[in-house]
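The next block holds one structure in the form of structure tokens; read it before the comments.
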Amino acid sequence: MDRTAIILVISIAMQLAAVMLALRLIRITGFKTAWIAITCAILLMSVRRTITLYRVVSGDQSLAPDPAAETIALVISLLMVIGLAGIAPMIQSIKKSQRELRVSDERFRRLTEGSIQGILVHRNFRPLFANQAIADIFGYETPQDIAALKSTSSLIAPQDQTRVIGYKSARMRGKCTPTQYEYQGVKRDGSTIWLDSINTLIDWDGEPAIQSTQYDITERKRAEEELRSSQQLLKTVFDALPIWVVVKDKDSRCLMVNRQRLQDLKLPSEALLGRHTLDLPYGTPEQLARAYAEDQQVLESGEPLENPEIEFTLPDGRMRMYSSHRVPLRNSLGEVIGLVVVSRDITELKEAEAENARLLEQMQQARKMESIGRLAGGIAHDFNNHLTVIIGVAKLILKQIPSDSPIREDLNEICRAGERSGQLTSQLLAFSRKQIVTPHDVDLNHMLLEYRGTLSRLIGEDVEIVIFPAKELGLVRIDPIQVDQLVMNLAINARDAMPSGGELVIETANVNLDEAFVKGSPGLKSGPHVMLAVSDSGTGIAPEILPHIFEPFYTTKDIGKGTGLGLATVYGIVKQNGGEIQVFSDPGAGTTFKIYFPRQDASDASAADNGKSTPMAMQGGHETILLVEDEEGVGTYARRTLQTLGYRVFTARNGPEALLVQDSCGQRIDLLLTDVVMPGMSGSELTGRLQRRHSDLRVLYMSGYADHAIERYGIIRRDNHFLPKPFTGEELSGMVRTALDSELIVT
């Protein structure tokens, strides 16, 4: 076989191989018509080559093939086989890719359509793809409604459009912008929602596009706002509480501190936050250690702990009292993760409790003193009536017996004893504040200087008296006799405290008492006062005795050396005149009494009365007197005394009887001499009835003490004539004459 035949055989074989490959491609690609046509063409070429080979083999030279042409045909057949052999894998790969793409598309469709996240693909805000979730988020029925929008910018709220459009436009240009941000969107019905958007630059159909994954965070935003509002409310309440509130972690470090604590401590929050309890910038080490121990007890036990009273030293050195309450702080699992400490400043409360206790003690003391005073006043009243009779009758007898009578000295001793007893009842009345007083505007300086000589004789030469009178001392309104009682009793008390001698210092001063000073002294008012201070260098008063020194009949002296009424009398005089007395004493360091009396205004003060009195002589007359006294002995003594002085006297035992006597006596009554308090009708009421009948009737009152009835009926006035019991004949005659000769006073 020659070369041409070989070429033809090979070419035919190649063409048959191409036919086989073409038939396989029909099965692979599924394009039957195209590949059948190609297969038929190749078969025809193969048939032609077979005929040509037959002629060559049979020796027919009429159609001898061109070797070069057949060689080219062979190469073409070879290339055809190679091409068809290479197309099959490529087509298989394409088919596989198509299958995978279809699967991927189906998976993407399922993911996007079933996703709760809204997915929107757009290019220059022209929607390219939208899933059902994004349609639901914005209130549209189908994704096609989103895709039909001219621009997705209409889904952005106006206040956020500039920012969001700027982000997406910059990302389309390849610039670096935030990939995730929050913004407000607009739903189909016009309402706004909050969205969290994650944006990615992708390739869509061969061109860049933006894929936005949207999350509806409206509820989260609402919850965050509610949380912020709740936190703000909590912080407002936290800072508004007028107590200390501290939140600590399980290591006892401060996490939160309210404003009240910072204000009280005068510290910034940085000075406390993060600080361990033991490192706080206030309190002593012992106080901080106690607080830390209480923290640990709560953290370890998980139980609340209350401390009703604890002291803490503030940064400025002040000591304050607090009540604290600690409660454990737990997480959602119930584990203790810290504690809350609530503390309340109880310093003022404790001070108020102490003040209330002191005031209660004062009130109880005042009630006790008042009860004793009522008893003492009642005793003194009855005793004065008896003393009036005793002294009066003794003096009447003295006038009737010879000067050399052996009983004259006995009668004088009776009179002296009666007068001393009268001083004792005067002290009782002064203590009970029922003493009849005639207050005047008194210059204490003048009276003290006059008392110097008397005081020297009273307390002895071994006690030096020093007086420091204040310049331009104000006047005080008080009965001068009470000043005498007050100073004398304090001087005697000082003398007894200095058995070996010493120094007695009396000083005066003008003072102004403020509200803080008078706070603990009921009845004492703030303003200008005159202070009288009496100090001694004696033995002082023991602390356990000091609370009792003003109690009546309380004395530390030996039996027979004191009545226990001296300081009680001083106390009564001070309180009766609206004053206050304070005592300062330490054992072995002497004692100081400070007395405060209200200072009289210059415009209200009358001429100062310094306590001088002129001895009275027995004075008589011929006027008619109606004597009304329910105590028979006093009435008899007064009647006899007045009758010996020349007066015409009618007597009655009470008010109704006096009215009958006045109606039946047939005489003009010039003076009514009446007791103040009587059964059935008071002296004041009797006076009113008689003066309605006889407007020119003059009145002289007498009594052993003044009670509420006397004050209520206005007897104790500067313009009333009053005779205190007990009285002597001279005092009785003098006051009767004064009442008769004075201007008429209508009660």
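Residues in the structure tokens are named by chain (A, B, ... in the order shown) and by number from 1 within that chain; ligands are numbered from 1 in the order shown.
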
Taking the DSSP assignment computed from this structure's backbone, write out as a JSON list (two decimals) with N, CA and C atoms, in the first residue's frame all residues of stretch 471-611 of chain A that belong to strand (DSSP E or B).
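And here's part22.json as it stands now:
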```json
[["chain", "number", "residue", "atom", "x", "y", "z"],
["A", 476, "VAL", "N", -34.05, 96.50, 135.55],
["A", 476, "VAL", "CA", -34.87, 95.29, 135.53],
["A", 476, "VAL", "C", -36.11, 95.55, 136.38],
["A", 477, "ARG", "N", -37.21, 94.92, 135.98],
["A", 477, "ARG", "CA", -38.47, 95.11, 136.69],
["A", 477, "ARG", "C", -38.62, 93.99, 137.71],
["A", 478, "ILE", "N", -38.52, 94.36, 139.00],
["A", 478, "ILE", "CA", -38.55, 93.37, 140.07],
["A", 478, "ILE", "C", -38.85, 94.10, 141.37],
["A", 502, "GLY", "N", -12.42, 83.27, 151.73],
["A", 502, "GLY", "CA", -12.23, 83.25, 150.29],
["A", 502, "GLY", "C", -12.67, 84.55, 149.67],
["A", 503, "GLU", "N", -13.16, 84.46, 148.45],
["A", 503, "GLU", "CA", -13.53, 85.66, 147.70],
["A", 503, "GLU", "C", -14.93, 85.48, 147.13],
["A", 504, "LEU", "N", -15.76, 86.49, 147.32],
["A", 504, "LEU", "CA", -17.10, 86.54, 146.75],
["A", 504, "LEU", "C", -17.13, 87.64, 145.71],
["A", 505, "VAL", "N", -17.39, 87.27, 144.45],
["A", 505, "VAL", "CA", -17.38, 88.23, 143.34],
["A", 505, "VAL", "C", -18.80, 88.37, 142.82],
["A", 506, "ILE", "N", -19.26, 89.62, 142.80],
["A", 506, "ILE", "CA", -20.58, 89.93, 142.24],
["A", 506, "ILE", "C", -20.38, 90.87, 141.08],
["A", 507, "GLU", "N", -20.94, 90.54, 139.93],
["A", 507, "GLU", "CA", -20.79, 91.40, 138.76],
["A", 507, "GLU", "C", -22.09, 91.47, 137.98],
["A", 508, "THR", "N", -22.22, 92.55, 137.22],
["A", 508, "THR", "CA", -23.40, 92.76, 136.39],
["A", 508, "THR", "C", -22.95, 93.05, 134.97],
["A", 509, "ALA", "N", -23.86, 92.84, 134.02],
["A", 509, "ALA", "CA", -23.53, 93.10, 132.61],
["A", 509, "ALA", "C", -24.81, 93.19, 131.81],
["A", 510, "ASN", "N", -24.75, 93.97, 130.74],
["A", 510, "ASN", "CA", -25.82, 93.99, 129.74],
["A", 510, "ASN", "C", -25.51, 92.91, 128.71],
["A", 511, "VAL", "N", -26.45, 92.04, 128.46],
["A", 511, "VAL", "CA", -26.23, 90.96, 127.49],
["A", 511, "VAL", "C", -27.43, 90.87, 126.56],
["A", 512, "ASN", "N", -27.18, 90.29, 125.38],
["A", 512, "ASN", "CA", -28.24, 90.00, 124.42],
["A", 512, "ASN", "C", -28.28, 88.49, 124.21],
["A", 513, "LEU", "N", -29.37, 87.88, 124.56],
["A", 513, "LEU", "CA", -29.51, 86.43, 124.45],
["A", 513, "LEU", "C", -30.09, 86.07, 123.09],
["A", 527, "GLY", "N", -33.28, 88.32, 123.39],
["A", 527, "GLY", "CA", -33.30, 89.77, 123.40],
["A", 527, "GLY", "C", -32.42, 90.33, 124.51],
["A", 528, "PRO", "N", -32.55, 91.63, 124.79],
["A", 528, "PRO", "CA", -31.70, 92.28, 125.80],
["A", 528, "PRO", "C", -32.05, 91.84, 127.21],
["A", 529, "HIS", "N", -31.03, 91.52, 127.98],
["A", 529, "HIS", "CA", -31.18, 91.10, 129.37],
["A", 529, "HIS", "C", -30.09, 91.74, 130.23],
["A", 530, "VAL", "N", -30.31, 91.70, 131.54],
["A", 530, "VAL", "CA", -29.30, 92.10, 132.51],
["A", 530, "VAL", "C", -28.84, 90.84, 133.23],
["A", 531, "MET", "N", -27.51, 90.65, 133.26],
["A", 531, "MET", "CA", -26.97, 89.48, 133.93],
["A", 531, "MET", "C", -26.43, 89.86, 135.31],
["A", 532, "LEU", "N", -26.76, 89.06, 136.29],
["A", 532, "LEU", "CA", -26.21, 89.18, 137.63],
["A", 532, "LEU", "C", -25.48, 87.87, 137.92],
["A", 533, "ALA", "N", -24.15, 87.96, 138.15],
["A", 533, "ALA", "CA", -23.34, 86.78, 138.41],
["A", 533, "ALA", "C", -22.77, 86.86, 139.82],
["A", 534, "VAL", "N", -22.91, 85.74, 140.55],
["A", 534, "VAL", "CA", -22.36, 85.64, 141.90],
["A", 534, "VAL", "C", -21.45, 84.42, 141.93],
["A", 535, "SER", "N", -20.14, 84.67, 142.21],
["A", 535, "SER", "CA", -19.15, 83.60, 142.18],
["A", 535, "SER", "C", -18.42, 83.52, 143.51],
["A", 536, "ASP", "N", -18.08, 82.30, 143.88],
["A", 536, "ASP", "CA", -17.28, 82.12, 145.09],
["A", 536, "ASP", "C", -16.11, 81.22, 144.79],
["A", 580, "GLU", "N", -33.89, 83.56, 134.18],
["A", 580, "GLU", "CA", -33.29, 82.24, 134.09],
["A", 580, "GLU", "C", -32.04, 82.22, 134.95],
["A", 581, "ILE", "N", -31.78, 81.08, 135.59],
["A", 581, "ILE", "CA", -30.60, 80.94, 136.43],
["A", 581, "ILE", "C", -29.81, 79.74, 135.96],
["A", 582, "GLN", "N", -28.49, 79.91, 135.88],
["A", 582, "GLN", "CA", -27.58, 78.84, 135.48],
["A", 582, "GLN", "C", -26.52, 78.68, 136.55],
["A", 583, "VAL", "N", -26.05, 77.46, 136.71],
["A", 583, "VAL", "CA", -25.04, 77.15, 137.72],
["A", 583, "VAL", "C", -23.85, 76.49, 137.04],
["A", 584, "PHE", "N", -22.64, 76.98, 137.38],
["A", 584, "PHE", "CA", -21.40, 76.40, 136.86],
["A", 584, "PHE", "C", -20.53, 76.08, 138.07],
["A", 585, "SER", "N", -20.20, 74.80, 138.24],
["A", 585, "SER", "CA", -19.44, 74.43, 139.42],
["A", 585, "SER", "C", -18.68, 73.15, 139.19],
["A", 591, "THR", "N", -18.03, 78.01, 142.67],
["A", 591, "THR", "CA", -19.34, 77.97, 142.03],
["A", 591, "THR", "C", -19.71, 79.35, 141.51],
["A", 592, "THR", "N", -20.36, 79.39, 140.35],
["A", 592, "THR", "CA", -20.86, 80.64, 139.79],
["A", 592, "THR", "C", -22.34, 80.48, 139.46],
["A", 593, "PHE", "N", -23.14, 81.41, 139.97],
["A", 593, "PHE", "CA", -24.56, 81.50, 139.61],
["A", 593, "PHE", "C", -24.72, 82.68, 138.66],
["A", 594, "LYS", "N", -25.30, 82.42, 137.50],
["A", 594, "LYS", "CA", -25.59, 83.49, 136.55],
["A", 594, "LYS", "C", -27.09, 83.62, 136.40],
["A", 595, "ILE", "N", -27.57, 84.82, 136.64],
["A", 595, "ILE", "CA", -29.01, 85.08, 136.59],
["A", 595, "ILE", "C", -29.27, 86.11, 135.49],
["A", 596, "TYR", "N", -30.30, 85.84, 134.67],
["A", 596, "TYR", "CA", -30.64, 86.73, 133.57],
["A", 596, "TYR", "C", -32.06, 87.24, 133.76],
["A", 597, "PHE", "N", -32.21, 88.58, 133.81],
["A", 597, "PHE", "CA", -33.53, 89.21, 133.89],
["A", 597, "PHE", "C", -33.76, 90.02, 132.61],
["A", 598, "PRO", "N", -34.99, 90.05, 132.11],
["A", 598, "PRO", "CA", -35.27, 90.89, 130.94],
["A", 598, "PRO", "C", -34.94, 92.35, 131.23],
["A", 599, "ARG", "N", -34.28, 92.99, 130.27],
["A", 599, "ARG", "CA", -33.88, 94.39, 130.44],
["A", 599, "ARG", "C", -35.02, 95.29, 130.00]]
```

Exercise for review: Could you find all residues in stretch 233-325 of chain A that DSSP calls helix (DSSP H, G or I) from the backbone, and write them as a PyMOL selection string?
Suggested key: chain A and resi 233-240+259-265+269-271+277-279+285-301

Revision key, fill the gap. Judged by only C-alpha atoms, the minimum distance to A:Val628 among A:Gly392, A:Gly646, A:Gly655, A:Gly338 is found for A:Gly655

Practice item. Within 6 Å of A:Leu288, counting only C-alpha atoms, which residues show up once you throw out same-chain ones fewer than 3 positions away? Write them as a PyMOL selection string, please. Key: chain A and resi 278+285+291

Once you have the residues from the selection above, write them out as a short mmCIF file (atom, residue, chain, number, x, y, z; two decimals), in the first residue's frame, restricted to all heavy atoms.
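Below you can see part05.cif, which holds the result:
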```cif
data_model
loop_
_atom_site.label_atom_id
_atom_site.label_comp_id
_atom_site.auth_asym_id
_atom_site.auth_seq_id
_atom_site.Cartn_x
_atom_site.Cartn_y
_atom_site.Cartn_z
N LEU A 278 -11.72 50.25 103.00
CA LEU A 278 -10.62 50.56 103.92
C LEU A 278 -9.78 51.73 103.44
O LEU A 278 -8.97 52.26 104.21
CB LEU A 278 -9.72 49.33 104.10
CG LEU A 278 -10.38 48.12 104.78
CD1 LEU A 278 -9.42 46.95 104.80
CD2 LEU A 278 -10.83 48.48 106.19
N PRO A 285 -9.39 54.85 111.04
CA PRO A 285 -9.13 53.45 110.66
C PRO A 285 -10.06 52.47 111.37
O PRO A 285 -10.50 51.48 110.78
CB PRO A 285 -7.67 53.24 111.08
CG PRO A 285 -7.06 54.61 111.00
CD PRO A 285 -8.15 55.56 111.42
N ALA A 291 -16.81 49.20 109.28
CA ALA A 291 -17.67 49.21 108.10
C ALA A 291 -17.33 48.06 107.15
O ALA A 291 -18.22 47.41 106.60
CB ALA A 291 -17.53 50.55 107.37
#
```

Review point. What's the 10 Å shell around A:Glu631, counting only C-alpha atoms, without same-chain residues fewer than 3 positions away, as a PyMOL selection string?
Key: chain A and resi 382+385-386+389+628+634-636+653-654+675+678

With N, CA and C atoms kept, could you save the residues just selected as a short mmCIF file (atom, residue, chain, number, x, y, z; two decimals), in the first residue's frame?
```cif
data_model
loop_
_atom_site.label_atom_id
_atom_site.label_comp_id
_atom_site.auth_asym_id
_atom_site.auth_seq_id
_atom_site.Cartn_x
_atom_site.Cartn_y
_atom_site.Cartn_z
N ASP A 382 -51.82 79.97 155.32
CA ASP A 382 -52.46 79.73 156.63
C ASP A 382 -51.55 80.19 157.76
N ASN A 385 -51.68 83.94 158.40
CA ASN A 385 -52.85 84.36 159.19
C ASN A 385 -52.57 84.19 160.69
N HIS A 386 -51.99 83.04 161.05
CA HIS A 386 -51.69 82.80 162.47
C HIS A 386 -50.61 83.75 162.97
N VAL A 389 -51.95 87.17 163.84
CA VAL A 389 -52.59 87.20 165.16
C VAL A 389 -51.54 87.17 166.26
N VAL A 628 -63.50 93.00 156.31
CA VAL A 628 -64.01 91.69 155.87
C VAL A 628 -62.86 90.70 155.90
N VAL A 634 -57.34 86.93 162.76
CA VAL A 634 -56.83 88.10 162.03
C VAL A 634 -57.84 89.24 162.09
N GLY A 635 -59.12 88.91 161.92
CA GLY A 635 -60.16 89.95 161.96
C GLY A 635 -60.22 90.64 163.31
N THR A 636 -60.14 89.85 164.37
CA THR A 636 -60.20 90.42 165.72
C THR A 636 -59.01 91.35 165.97
N ARG A 653 -67.51 88.37 158.00
CA ARG A 653 -66.66 87.19 157.77
C ARG A 653 -66.58 86.80 156.30
N ASN A 654 -67.48 87.35 155.46
CA ASN A 654 -67.44 87.01 154.04
C ASN A 654 -68.16 88.10 153.25
N ASP A 675 -60.07 90.81 152.78
CA ASP A 675 -59.20 89.72 152.33
C ASP A 675 -59.48 89.47 150.85
N MET A 678 -61.87 84.57 149.71
CA MET A 678 -62.80 84.17 150.77
C MET A 678 -63.82 83.21 150.17
#
```

Point to revise | Non-local contacts of stretch 199-212 of chain A (9 Å; only C-alpha atoms; under 3 positions in same chain excluded) as a VMD selection string | key: chain A and resid 118 to 125 128 to 129 168 171 to 172 174 178 to 181

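Closest to A:Glu419 among A:Lys725, A:Arg495, A:Lys525, A:His440 is A:Lys725, based on only C-alpha atoms.
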